[in-house]
Amino acid sequence: MKKIAVDDGHGTNTAGKQTPDGYKENEFNNSVKQYLITELKRNNFIIVDCSPTRADNSLQNRVDIANTSKADIFVSIHFNAMGDKWQSTAEGIETYYHGHSTNGKKLATLVHKHLLEGTKMNNRGVNSDFVLYDNGLMVLRETNMPAILVECGFMDNQKDAALMKSESYRKECAIEICKGICDYFGQIYIPEKVTPVYKDAGTILTECSNYPIVWKAFIIKLKSDGNYRDTANNLEGLLQQVYYHKKVL
C-alpha cells in the first residue's frame with residue numbers, strides 16, 4: 001500500500017493568512033485535508049498527517065514527519081492570496097511541484113487536471129516552484145519524495161472566498177486530489193457509496209393518488225408490456241414501478 005503525506009498549510013494562528021473579512025485560510029486547508037484523508041483511506045492508501053494539530057506547525061517539522069515516514073508522495077493544501085485587500089484580477093487554481101522534478105510534475109499535472117474538471121475553476125496552470133523563489137518552496141524542496149502544493153483559489157477574491165467557505169467545494173477539492181493521486185499510482189478511484197433512500201408504500205400511494213395521469217400512464221405502460229397481471233399481483237413491484245414512473249413522467 002502506498003503512503004501519502006498530507007499537509008494543511010499554515011495554522012489557525014498564522015499571521016496574515018486570512019480573507020480580508022477575517023476568515024482563516026487554515027479553516028479551508030484543514031477541512032480539505034480531513035476530507036482527503038477519508039478519500040485516501042477508502043482508496044486503500046496509508047495516511048501520514050504532517051500537521052496533526054491546528055497549531056502553526058513549522059515547515060521543518062512538516063518536512064521531517066514526511067521524510068521520517070518514508071511517504072511515497074507529499075501533498076500540501078493551500079488557498080492563495082495577492083494581498084490583504086479584496087481584488088478581482090486573480091482567481092482560480094494553480095499547482096506547484098519542485099524545480100525540475102519529473103515525478104513531481106507528473107503528480108501535479110494529474111491532480112491539477114482533476115481539480116479543474118471537478119471544480120470548473122479558472123486554470124492558472126501547473127508550475128515549478130522556481131517561478132516563485134530561486135530555491136523553490138521548502139516543503140517541496142526538502143521532502144524526499146515527489147511533492148506538490150495545491151492553491152485552490154484566492155482568498156482575497158470574493159468569488160473564490162465564497163467557495164473557500166463552502167463545504168461542498170472543500171469536499172470536491174478533496175475528491176479531485178484523490179482522483180489525481182489514484183491516477184499517479186495507476187489505481188482505479190473508488191467513490192463513496194451512496195445509499196438510496198426509498199419511500200414507504202403508504203407514502204407512495206398517497207402521493208400517486210394526487211396524480212391520476214401518472215396512474216393512467218402506468219396502466220397503459222403495463223398493458224403494452226404484457227406484464228399487467230403479474231405486476232398487479234405483486235404489490236411491492238407495483239408500488240416501485242408507480243413511484244418510478246411518477247418520477248420520470
# chains A, B, ... in the order shown; residues from 1 in each chain; ligands from 1
$ residues_around --residues "range 181-186 of chain A" --least-positions-apart "5" --cutoff "12 Å" --atoms "only C-alpha atoms" --output "ChimeraX atom specification"
/A:1-6,36,39-45,72-75,103-115,146-148,174-176,191
$ select_by_dssp --residues "range 3-215 of chain A" --states "alpha helix (DSSP H)" --output "CSV table (one decimal) with C-alpha atoms, in the first residue's frame"
chain,number,residue,atom,x,y,z
A,25,GLU,CA,-7.1,30.1,5.5
A,26,ASN,CA,-6.4,27.0,7.7
A,27,GLU,CA,-10.2,26.6,8.1
A,28,PHE,CA,-10.3,25.6,4.4
A,29,ASN,CA,-7.0,23.8,4.3
A,30,ASN,CA,-7.7,21.6,7.4
A,31,SER,CA,-11.2,20.8,6.2
A,32,VAL,CA,-10.0,19.7,2.8
A,33,LYS,CA,-7.3,17.6,4.5
A,34,GLN,CA,-9.8,15.8,6.6
A,35,TYR,CA,-12.0,15.0,3.6
A,36,LEU,CA,-8.9,13.9,1.7
A,37,ILE,CA,-7.9,11.6,4.4
A,38,THR,CA,-11.3,9.9,4.2
A,39,GLU,CA,-11.0,9.6,0.4
A,40,LEU,CA,-7.5,8.2,0.6
A,41,LYS,CA,-8.4,5.6,3.3
A,42,ARG,CA,-11.3,4.4,1.2
A,59,LEU,CA,7.8,23.9,7.9
A,60,GLN,CA,10.8,21.9,9.1
A,61,ASN,CA,8.6,19.7,11.3
A,62,ARG,CA,6.2,19.0,8.4
A,63,VAL,CA,9.1,18.0,6.2
A,64,ASP,CA,10.6,15.8,9.0
A,65,ILE,CA,7.3,14.0,9.5
A,66,ALA,CA,7.0,13.2,5.8
A,67,ASN,CA,10.7,12.1,5.4
A,68,THR,CA,10.7,10.0,8.6
A,69,SER,CA,7.6,8.2,7.5
A,102,THR,CA,9.8,14.8,-13.3
A,103,ASN,CA,7.7,12.8,-10.9
A,104,GLY,CA,6.6,15.9,-9.0
A,105,LYS,CA,5.5,17.5,-12.3
A,106,LYS,CA,3.6,14.3,-13.3
A,107,LEU,CA,1.8,14.2,-9.9
A,108,ALA,CA,1.0,17.9,-10.1
A,109,THR,CA,-0.3,17.6,-13.6
A,110,LEU,CA,-2.7,14.8,-12.8
A,111,VAL,CA,-4.0,16.3,-9.6
A,112,HIS,CA,-4.4,19.7,-11.3
A,113,LYS,CA,-6.3,18.1,-14.2
A,114,HIS,CA,-8.9,16.6,-11.9
A,115,LEU,CA,-9.2,19.7,-9.8
A,116,LEU,CA,-10.1,21.7,-13.0
A,117,GLU,CA,-12.6,19.0,-14.2
A,118,GLY,CA,-14.3,18.8,-10.8
A,119,THR,CA,-14.4,22.4,-9.7
A,138,MET,CA,10.8,24.5,1.4
A,139,VAL,CA,8.1,21.8,1.8
A,140,LEU,CA,8.6,20.8,-1.8
A,141,ARG,CA,12.4,21.2,-1.8
A,158,GLN,CA,-14.7,37.5,-3.3
A,159,LYS,CA,-15.9,34.8,-5.7
A,160,ASP,CA,-13.2,32.4,-4.7
A,161,ALA,CA,-13.5,33.3,-1.0
A,162,ALA,CA,-17.2,32.3,-1.1
A,163,LEU,CA,-16.2,28.8,-2.4
A,164,MET,CA,-13.5,28.7,0.3
A,167,GLU,CA,-18.3,22.6,2.4
A,168,SER,CA,-19.3,21.2,-0.9
A,169,TYR,CA,-16.3,22.9,-2.6
A,170,ARG,CA,-13.9,21.6,0.1
A,171,LYS,CA,-15.2,18.1,-0.4
A,172,GLU,CA,-15.0,18.4,-4.2
A,173,CYS,CA,-11.3,19.6,-3.9
A,174,ALA,CA,-10.5,16.5,-1.8
A,175,ILE,CA,-12.2,14.1,-4.2
A,176,GLU,CA,-10.4,15.5,-7.2
A,177,ILE,CA,-7.0,15.5,-5.4
A,178,CYS,CA,-7.6,11.8,-4.5
A,179,LYS,CA,-8.5,11.0,-8.1
A,180,GLY,CA,-5.2,12.6,-9.3
A,181,ILE,CA,-3.3,10.6,-6.7
A,182,CYS,CA,-5.0,7.4,-7.8
A,183,ASP,CA,-4.1,8.2,-11.4
A,184,TYR,CA,-0.5,8.7,-10.4
A,201,ALA,CA,-45.5,2.1,0.3
A,202,GLY,CA,-48.1,4.3,2.1
A,203,THR,CA,-46.3,7.5,1.2
A,204,ILE,CA,-46.0,6.4,-2.4
A,205,LEU,CA,-49.7,5.6,-2.7
A,206,THR,CA,-50.8,8.8,-1.0
A,207,GLU,CA,-48.6,10.9,-3.4
A,208,CYS,CA,-49.6,9.0,-6.5
A,212,PRO,CA,-54.2,10.4,-11.9
A,213,ILE,CA,-52.4,11.0,-15.1
A,214,VAL,CA,-49.4,9.0,-13.7
A,215,TRP,CA,-51.7,6.1,-12.8
$ closest_residue --among "A:Asp56, A:Glu91, A:Asp84, A:Asp7" --to "Gly153 in chain A" --atoms "only C-alpha atoms"
A:Glu91
$ atom_distance --atom1 "CA of Ala81 in chain A" --atom2 "CA of Asn144 in chain A"
27.7 Å
$ residues_around --residues "Val150 in chain A" --least-positions-apart "4" --cutoff "6 Å" --atoms "only C-alpha atoms" --output "PDB file with C-alpha atoms, in the first residue's frame"
ATOM      1  CA  ILE A  77      -3.170  22.087   0.631  1.00  0.00           C
ATOM      2  CA  HIS A  78      -3.436  25.888   0.445  1.00  0.00           C
ATOM      3  CA  THR A  95      -0.483  23.583  -8.614  1.00  0.00           C
TER       4      THR A  95
END
$ atom_distance --atom1 "CA of Asn135 in chain A" --atom2 "CA of Thr53 in chain A"
27.9 Å
$ atom_distance --atom1 "CA of Gly125 in chain A" --atom2 "CA of His98 in chain A"
14.3 Å
